[in-house]
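**Student:** One file is attached below, work-v1.tsv, containing TSV, N, CA and C atoms.
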```tsv
chain	number	residue	atom	x	y	z
F	182	MET	N	13.43	62.92	103.20
F	182	MET	CA	12.77	64.18	103.01
F	182	MET	C	12.59	64.37	101.50
F	183	ARG	N	11.46	64.95	101.14
F	183	ARG	CA	11.19	65.21	99.73
F	183	ARG	C	10.92	66.70	99.57
F	184	SER	N	11.50	67.27	98.53
F	184	SER	CA	11.23	68.65	98.16
F	184	SER	C	11.18	68.73	96.65
F	185	ARG	N	10.03	69.08	96.14
F	185	ARG	CA	9.80	69.16	94.70
F	185	ARG	C	10.19	67.86	94.02
F	186	LYS	N	11.24	67.85	93.24
F	186	LYS	CA	11.61	66.65	92.49
F	186	LYS	C	12.87	65.98	93.00
F	187	ILE	N	13.18	66.18	94.28
F	187	ILE	CA	14.38	65.57	94.85
F	187	ILE	C	14.08	64.94	96.20
F	188	LEU	N	14.91	63.95	96.56
F	188	LEU	CA	14.84	63.27	97.85
F	188	LEU	C	16.15	63.49	98.59
F	189	LYS	N	16.06	63.77	99.87
F	189	LYS	CA	17.25	63.96	100.71
F	189	LYS	C	17.33	62.81	101.70
F	190	PHE	N	18.49	62.19	101.81
F	190	PHE	CA	18.72	61.18	102.84
F	190	PHE	C	19.95	61.60	103.61
F	191	GLY	N	20.16	61.01	104.75
F	191	GLY	CA	21.36	61.32	105.52
F	191	GLY	C	21.09	61.33	107.01
F	192	HIS	N	22.14	61.53	107.77
F	192	HIS	CA	21.99	61.54	109.22
F	192	HIS	C	21.79	62.97	109.73
F	193	GLY	N	21.16	63.06	110.87
F	193	GLY	CA	20.90	64.35	111.48
F	193	GLY	C	20.09	64.14	112.74
F	194	ASN	N	19.61	65.23	113.30
F	194	ASN	CA	18.79	65.14	114.50
F	194	ASN	C	17.45	65.83	114.25
F	195	ALA	N	16.61	65.89	115.28
F	195	ALA	CA	15.28	66.46	115.13
F	195	ALA	C	15.33	67.91	114.67
F	196	THR	N	16.31	68.66	115.15
F	196	THR	CA	16.45	70.06	114.75
F	196	THR	C	16.70	70.15	113.26
F	197	ARG	N	17.53	69.27	112.75
F	197	ARG	CA	17.85	69.26	111.31
F	197	ARG	C	16.62	68.90	110.48
F	198	VAL	N	15.86	67.92	110.93
F	198	VAL	CA	14.63	67.53	110.22
F	198	VAL	C	13.67	68.73	110.17
F	199	ARG	N	13.50	69.41	111.31
F	199	ARG	CA	12.61	70.57	111.34
F	199	ARG	C	13.11	71.70	110.44
F	200	GLU	N	14.43	71.84	110.34
F	200	GLU	CA	15.01	72.84	109.44
F	200	GLU	C	14.64	72.52	107.98
F	201	HIS	N	14.70	71.25	107.61
F	201	HIS	CA	14.29	70.84	106.26
F	201	HIS	C	12.81	71.16	106.04
F	202	ILE	N	11.97	70.87	107.03
F	202	ILE	CA	10.54	71.13	106.92
F	202	ILE	C	10.27	72.63	106.76
F	203	ARG	N	10.95	73.45	107.57
F	203	ARG	CA	10.79	74.91	107.43
F	203	ARG	C	11.19	75.38	106.04
F	204	GLY	N	12.13	74.67	105.42
F	204	GLY	CA	12.57	75.01	104.07
F	204	GLY	C	11.61	74.53	102.99
F	205	GLY	N	10.55	73.83	103.38
F	205	GLY	CA	9.54	73.38	102.43
F	205	GLY	C	9.56	71.90	102.11
F	206	ALA	N	10.43	71.12	102.75
F	206	ALA	CA	10.52	69.69	102.49
F	206	ALA	C	9.43	68.93	103.25
F	207	GLU	N	9.08	67.77	102.75
F	207	GLU	CA	8.10	66.89	103.37
F	207	GLU	C	8.81	65.66	103.92
F	208	PRO	N	8.59	65.33	105.19
F	208	PRO	CA	9.21	64.11	105.72
F	208	PRO	C	8.56	62.87	105.12
F	209	ILE	N	9.35	62.01	104.54
F	209	ILE	CA	8.86	60.78	103.92
F	209	ILE	C	9.08	59.62	104.88
F	210	CYS	N	10.28	59.48	105.37
F	210	CYS	CA	10.62	58.41	106.31
F	210	CYS	C	11.74	58.91	107.20
F	211	VAL	N	11.45	59.07	108.49
F	211	VAL	CA	12.44	59.52	109.46
F	211	VAL	C	12.66	58.37	110.43
F	212	LEU	N	13.91	57.94	110.52
F	212	LEU	CA	14.27	56.82	111.39
F	212	LEU	C	15.24	57.29	112.46
F	213	THR	N	15.24	56.60	113.58
F	213	THR	CA	16.25	56.84	114.61
F	213	THR	C	16.95	55.52	114.87
F	214	ALA	N	18.26	55.61	115.03
F	214	ALA	CA	19.10	54.43	115.25
F	214	ALA	C	20.42	54.89	115.83
F	215	PRO	N	21.23	53.96	116.34
F	215	PRO	CA	22.55	54.34	116.84
F	215	PRO	C	23.37	55.04	115.74
F	216	HIS	N	24.12	56.06	116.15
F	216	HIS	CA	24.85	56.90	115.20
F	216	HIS	C	25.74	56.09	114.25
F	217	ALA	N	26.49	55.17	114.77
F	217	ALA	CA	27.40	54.37	113.93
F	217	ALA	C	26.62	53.60	112.86
F	218	GLN	N	25.46	53.10	113.22
F	218	GLN	CA	24.64	52.35	112.27
F	218	GLN	C	24.09	53.28	111.18
F	219	VAL	N	23.71	54.48	111.57
F	219	VAL	CA	23.19	55.46	110.60
F	219	VAL	C	24.29	55.89	109.63
F	220	VAL	N	25.47	56.15	110.15
F	220	VAL	CA	26.59	56.56	109.29
F	220	VAL	C	26.94	55.45	108.30
F	221	ALA	N	26.95	54.21	108.77
F	221	ALA	CA	27.24	53.08	107.88
F	221	ALA	C	26.17	52.94	106.80
F	222	ALA	N	24.91	53.12	107.18
F	222	ALA	CA	23.81	53.04	106.20
F	222	ALA	C	23.92	54.16	105.17
F	223	GLU	N	24.23	55.36	105.62
F	223	GLU	CA	24.39	56.49	104.70
F	223	GLU	C	25.50	56.22	103.69
F	224	LEU	N	26.61	55.70	104.14
F	224	LEU	CA	27.72	55.37	103.24
F	224	LEU	C	27.32	54.29	102.25
F	225	ALA	N	26.60	53.28	102.71
F	225	ALA	CA	26.15	52.20	101.82
F	225	ALA	C	25.19	52.74	100.76
F	226	ILE	N	24.30	53.65	101.15
F	226	ILE	CA	23.36	54.25	100.19
F	226	ILE	C	24.14	55.08	99.17
F	227	LYS	N	25.10	55.85	99.63
F	227	LYS	CA	25.91	56.66	98.70
F	227	LYS	C	26.62	55.76	97.68
F	228	ARG	N	27.13	54.64	98.12
F	228	ARG	CA	27.82	53.72	97.21
F	228	ARG	C	26.84	53.07	96.23
F	229	ALA	N	25.70	52.64	96.75
F	229	ALA	CA	24.72	51.94	95.92
F	229	ALA	C	24.07	52.86	94.88
F	230	TYR	N	23.92	54.12	95.21
F	230	TYR	CA	23.23	55.07	94.34
F	230	TYR	C	24.18	56.13	93.78
F	231	ALA	N	25.46	55.82	93.74
F	231	ALA	CA	26.47	56.80	93.31
F	231	ALA	C	26.16	57.39	91.94
F	232	ASP	N	25.64	56.58	91.03
F	232	ASP	CA	25.36	57.08	89.68
F	232	ASP	C	24.12	57.96	89.62
F	233	LEU	N	23.30	57.98	90.68
F	233	LEU	CA	22.08	58.79	90.71
F	233	LEU	C	22.19	60.03	91.59
F	234	ILE	N	23.14	60.06	92.51
F	234	ILE	CA	23.27	61.21	93.41
F	234	ILE	C	23.52	62.46	92.59
F	235	ILE	N	22.74	63.48	92.88
F	235	ILE	CA	22.78	64.71	92.10
F	235	ILE	C	24.12	65.43	92.26
F	236	GLY	N	24.62	65.54	93.48
F	236	GLY	CA	25.96	66.07	93.70
F	236	GLY	C	26.14	67.55	93.48
F	237	ALA	N	25.08	68.29	93.32
F	237	ALA	CA	25.18	69.74	93.14
F	237	ALA	C	23.89	70.38	93.63
F	238	ARG	N	24.00	71.61	94.04
F	238	ARG	CA	22.79	72.33	94.47
F	238	ARG	C	21.87	72.52	93.28
F	239	ARG	N	20.58	72.45	93.56
F	239	ARG	CA	19.57	72.69	92.53
F	239	ARG	C	18.82	73.96	92.89
F	240	ARG	N	18.37	74.61	91.87
F	240	ARG	CA	17.56	75.80	92.09
F	240	ARG	C	16.34	75.44	92.92
F	241	ARG	N	16.00	76.27	93.84
F	241	ARG	CA	14.80	76.15	94.68
F	241	ARG	C	14.80	74.96	95.63
F	242	GLN	N	15.94	74.31	95.84
F	242	GLN	CA	15.98	73.27	96.87
F	242	GLN	C	16.17	73.99	98.21
F	243	PRO	N	15.66	73.41	99.30
F	243	PRO	CA	15.87	74.04	100.61
F	243	PRO	C	17.36	74.24	100.89
F	244	ASP	N	17.72	75.38	101.45
F	244	ASP	CA	19.12	75.63	101.78
F	244	ASP	C	19.68	74.55	102.69
F	245	SER	N	18.83	73.99	103.55
F	245	SER	CA	19.28	72.97	104.50
F	245	SER	C	19.73	71.67	103.82
F	246	PHE	N	19.40	71.50	102.56
F	246	PHE	CA	19.80	70.29	101.83
F	246	PHE	C	21.29	70.30	101.48
F	247	GLY	N	21.92	71.43	101.62
F	247	GLY	CA	23.36	71.51	101.41
F	247	GLY	C	23.80	71.39	99.97
F	248	ALA	N	24.97	70.78	99.77
F	248	ALA	CA	25.63	70.76	98.47
F	248	ALA	C	25.13	69.69	97.51
F	249	GLY	N	24.28	68.81	97.96
F	249	GLY	CA	23.72	67.81	97.05
F	249	GLY	C	24.36	66.44	97.11
F	250	THR	N	25.23	66.19	98.07
F	250	THR	CA	25.91	64.90	98.14
F	250	THR	C	25.01	63.78	98.67
F	251	GLU	N	23.84	64.15	99.21
F	251	GLU	CA	22.89	63.15	99.72
F	251	GLU	C	21.51	63.39	99.12
F	252	ILE	N	21.50	63.73	97.85
F	252	ILE	CA	20.24	64.06	97.17
F	252	ILE	C	20.08	63.17	95.95
F	253	LEU	N	18.89	62.59	95.83
F	253	LEU	CA	18.55	61.70	94.72
F	253	LEU	C	17.35	62.27	93.96
F	254	PRO	N	17.19	61.89	92.70
F	254	PRO	CA	15.99	62.30	91.97
F	254	PRO	C	14.73	61.75	92.65
F	255	HIS	N	13.65	62.47	92.56
F	255	HIS	CA	12.38	62.14	93.23
F	255	HIS	C	11.89	60.72	92.95
F	256	GLY	N	12.03	60.22	91.77
F	256	GLY	CA	11.51	58.89	91.41
F	256	GLY	C	12.36	57.73	91.86
F	257	THR	N	13.47	57.99	92.52
F	257	THR	CA	14.37	56.92	92.96
F	257	THR	C	13.67	56.01	93.97
F	258	ASP	N	13.78	54.71	93.76
F	258	ASP	CA	13.14	53.74	94.65
F	258	ASP	C	14.14	53.31	95.72
F	259	LEU	N	14.31	54.14	96.74
F	259	LEU	CA	15.23	53.86	97.84
F	259	LEU	C	14.46	53.18	98.97
F	260	ASP	N	14.84	51.96	99.30
F	260	ASP	CA	14.23	51.23	100.40
F	260	ASP	C	15.16	51.34	101.61
F	261	LEU	N	14.84	52.24	102.52
F	261	LEU	CA	15.71	52.47	103.67
F	261	LEU	C	15.88	51.24	104.53
F	262	ALA	N	14.89	50.36	104.58
F	262	ALA	CA	14.97	49.15	105.39
F	262	ALA	C	16.10	48.23	104.93
F	263	THR	N	16.47	48.33	103.68
F	263	THR	CA	17.58	47.54	103.16
F	263	THR	C	18.90	47.97	103.79
F	264	TYR	N	19.01	49.24	104.13
F	264	TYR	CA	20.27	49.80	104.62
F	264	TYR	C	20.28	50.06	106.12
F	265	LEU	N	19.10	50.24	106.70
F	265	LEU	CA	19.02	50.58	108.11
F	265	LEU	C	17.90	49.76	108.75
F	266	SER	N	18.28	48.70	109.43
F	266	SER	CA	17.28	47.84	110.08
F	266	SER	C	17.88	47.26	111.34
F	267	GLY	N	17.03	46.65	112.14
F	267	GLY	CA	17.48	46.02	113.37
F	267	GLY	C	16.64	46.44	114.54
F	268	VAL	N	16.94	45.87	115.70
F	268	VAL	CA	16.12	46.11	116.89
F	268	VAL	C	16.22	47.55	117.39
F	269	ASN	N	17.30	48.24	117.08
F	269	ASN	CA	17.48	49.61	117.57
F	269	ASN	C	16.99	50.68	116.60
F	270	VAL	N	16.43	50.27	115.48
F	270	VAL	CA	15.92	51.22	114.49
F	270	VAL	C	14.44	51.45	114.75
F	271	ARG	N	14.07	52.71	114.86
F	271	ARG	CA	12.66	53.06	115.07
F	271	ARG	C	12.22	54.08	114.04
F	272	GLU	N	11.02	53.92	113.55
F	272	GLU	CA	10.42	54.86	112.61
F	272	GLU	C	9.76	55.97	113.42
F	273	VAL	N	10.15	57.22	113.20
F	273	VAL	CA	9.64	58.35	113.98
F	273	VAL	C	9.08	59.46	113.09
F	274	THR	N	8.70	59.12	111.89
F	274	THR	CA	8.17	60.11	110.96
F	274	THR	C	6.97	60.84	111.56
F	275	TYR	N	6.15	60.13	112.32
F	275	TYR	CA	4.94	60.72	112.90
F	275	TYR	C	5.25	61.97	113.73
F	276	ARG	N	6.45	62.07	114.27
F	276	ARG	CA	6.82	63.24	115.07
F	276	ARG	C	6.91	64.52	114.23
F	277	PHE	N	7.04	64.35	112.94
F	277	PHE	CA	7.28	65.49	112.06
F	277	PHE	C	6.20	65.70	111.02
F	278	GLN	N	5.15	64.90	111.07
F	278	GLN	CA	4.11	64.97	110.05
F	278	GLN	C	3.25	66.21	110.22
F	279	ARG	N	2.80	66.72	109.08
F	279	ARG	CA	1.82	67.79	109.08
F	279	ARG	C	0.46	67.15	109.30
F	280	GLU	N	-0.57	67.94	109.33
F	280	GLU	CA	-1.91	67.45	109.64
F	280	GLU	C	-2.51	66.57	108.54
F	281	SER	N	-2.08	66.74	107.30
F	281	SER	CA	-2.68	65.98	106.21
F	281	SER	C	-2.22	64.51	106.26
F	282	PRO	N	-3.06	63.59	105.78
F	282	PRO	CA	-2.67	62.17	105.79
F	282	PRO	C	-1.51	61.93	104.82
F	283	PRO	N	-0.72	60.89	105.05
F	283	PRO	CA	0.41	60.60	104.17
F	283	PRO	C	-0.05	60.17	102.79
F	284	SER	N	0.77	60.49	101.81
F	284	SER	CA	0.48	60.10	100.43
F	284	SER	C	0.72	58.59	100.28
F	285	GLU	N	0.29	58.04	99.15
F	285	GLU	CA	0.51	56.61	98.87
F	285	GLU	C	2.00	56.28	98.88
F	286	LYS	N	2.82	57.16	98.29
F	286	LYS	CA	4.27	56.92	98.25
F	286	LYS	C	4.84	56.91	99.66
F	287	THR	N	4.38	57.84	100.50
F	287	THR	CA	4.85	57.88	101.89
F	287	THR	C	4.47	56.60	102.61
F	288	ARG	N	3.24	56.13	102.45
F	288	ARG	CA	2.81	54.89	103.10
F	288	ARG	C	3.67	53.72	102.64
F	289	ARG	N	4.01	53.68	101.35
F	289	ARG	CA	4.83	52.59	100.82
F	289	ARG	C	6.23	52.63	101.44
F	290	TRP	N	6.78	53.83	101.60
F	290	TRP	CA	8.12	53.96	102.19
F	290	TRP	C	8.11	53.52	103.64
F	291	LEU	N	7.02	53.78	104.35
F	291	LEU	CA	6.97	53.49	105.78
F	291	LEU	C	6.63	52.04	106.09
F	292	SER	N	6.02	51.34	105.17
F	292	SER	CA	5.51	50.00	105.46
F	292	SER	C	6.53	49.03	106.06
F	293	PRO	N	7.80	49.03	105.64
F	293	PRO	CA	8.74	48.08	106.26
F	293	PRO	C	9.01	48.37	107.74
F	294	PHE	N	8.71	49.58	108.20
F	294	PHE	CA	9.05	49.97	109.57
F	294	PHE	C	7.88	49.86	110.52
F	295	ARG	N	6.71	49.62	110.00
F	295	ARG	CA	5.53	49.48	110.85
F	295	ARG	C	5.36	48.01	111.18
F	296	ARG	N	5.31	47.70	112.42
F	296	ARG	CA	5.19	46.30	112.83
F	296	ARG	C	3.88	46.07	113.53
```
Would you encode the structure as structure tokens?
**Tutor:**
Amino acid sequence: MRSRKILKFGHGNATRVREHIRGGAEPICVLTAPHAQVVAAELAIKRAYADLIIGARRRRQPDSFGAGTEILPHGTDLDLATYLSGVNVREVTYRFQRESPPSEKTRRWLSPFRR
């Protein structure tokens, strides 16, 4: 999820994604996978990007983004396919897209998941 100059990653469900969207965030890449695999990927991302994680609330970020433990600066090049892949991983961003076409950055993020 992207909101202004930050990116949110982490596990959740469709209700949580919609809550982020209502808060003004844009879905960049939404994946579905077994819970244990998602939790492991989230932990691996936190470890790999520990020096970049914002770790605090920012002004004007959606309330649903929480305390900032899963928030990265907007320009961070996070490749979710590196951390979450396999036969049980599905890209479901289309379920949450607005009517406008995806941006170039969104298309780049989604490319590893389109087969």
**Student:** Mind pulling up the distance from atom N of F:Phe277 to atom N of F:Leu233?
**Tutor:**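 Going from atom N of F:Leu233 over to atom N of F:Phe277 covers 28.3 Å.
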**Student:** Counting only N, CA and C atoms, which residue out of F:Arg276, F:Lys186, F:Arg197, F:Lys227 sits closest to F:Ser245?
**Tutor:**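 So, comparing all the options, the nearest one is F:Arg197.
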**Student:** So, with only C-alpha atoms as the atoms that count, which of F:Thr250, F:Gln242, F:Ser266, F:Ser184 lies closest to F:Ile209?
**Tutor:**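 Nearest candidate to F:Ile209 out of F:Thr250, F:Gln242, F:Ser266, F:Ser184: F:Ser184.
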**Student:** Determine the axis-aligned bounding box of all atoms of stretch 235-251 of chain F present in the file, pad each side by 5 Å, and express its centre and edge lengths in Å to one decimal place as lines of an AutoDock Vina configuration file.
**Tutor:**
```
center_x = 20.5
center_y = 69.7
center_z = 98.2
size_x = 21.3
size_y = 23.1
size_z = 22.6
```
**Student:** Show me the residues around (20.6, 67.3, 91.8) - criterion: an atom at most 8 Å away, only N, CA and C atoms counted - as a tab-separated table (two decimals) with N, CA and C atoms, in the frame of the given file.
**Tutor:**
```tsv
chain	number	residue	atom	x	y	z
F	186	LYS	N	11.24	67.85	93.24
F	186	LYS	CA	11.61	66.65	92.49
F	186	LYS	C	12.87	65.98	93.00
F	187	ILE	N	13.18	66.18	94.28
F	187	ILE	CA	14.38	65.57	94.85
F	187	ILE	C	14.08	64.94	96.20
F	233	LEU	N	23.30	57.98	90.68
F	233	LEU	CA	22.08	58.79	90.71
F	233	LEU	C	22.19	60.03	91.59
F	234	ILE	N	23.14	60.06	92.51
F	234	ILE	CA	23.27	61.21	93.41
F	234	ILE	C	23.52	62.46	92.59
F	235	ILE	N	22.74	63.48	92.88
F	235	ILE	CA	22.78	64.71	92.10
F	235	ILE	C	24.12	65.43	92.26
F	236	GLY	N	24.62	65.54	93.48
F	236	GLY	CA	25.96	66.07	93.70
F	236	GLY	C	26.14	67.55	93.48
F	237	ALA	N	25.08	68.29	93.32
F	237	ALA	CA	25.18	69.74	93.14
F	237	ALA	C	23.89	70.38	93.63
F	238	ARG	N	24.00	71.61	94.04
F	238	ARG	CA	22.79	72.33	94.47
F	238	ARG	C	21.87	72.52	93.28
F	239	ARG	N	20.58	72.45	93.56
F	239	ARG	CA	19.57	72.69	92.53
F	239	ARG	C	18.82	73.96	92.89
F	240	ARG	N	18.37	74.61	91.87
F	240	ARG	CA	17.56	75.80	92.09
F	240	ARG	C	16.34	75.44	92.92
F	248	ALA	N	24.97	70.78	99.77
F	248	ALA	CA	25.63	70.76	98.47
F	248	ALA	C	25.13	69.69	97.51
F	249	GLY	N	24.28	68.81	97.96
F	249	GLY	CA	23.72	67.81	97.05
F	249	GLY	C	24.36	66.44	97.11
F	250	THR	N	25.23	66.19	98.07
F	250	THR	CA	25.91	64.90	98.14
F	250	THR	C	25.01	63.78	98.67
F	252	ILE	N	21.50	63.73	97.85
F	252	ILE	CA	20.24	64.06	97.17
F	252	ILE	C	20.08	63.17	95.95
F	253	LEU	N	18.89	62.59	95.83
F	253	LEU	CA	18.55	61.70	94.72
F	253	LEU	C	17.35	62.27	93.96
F	254	PRO	N	17.19	61.89	92.70
F	254	PRO	CA	15.99	62.30	91.97
F	254	PRO	C	14.73	61.75	92.65
```
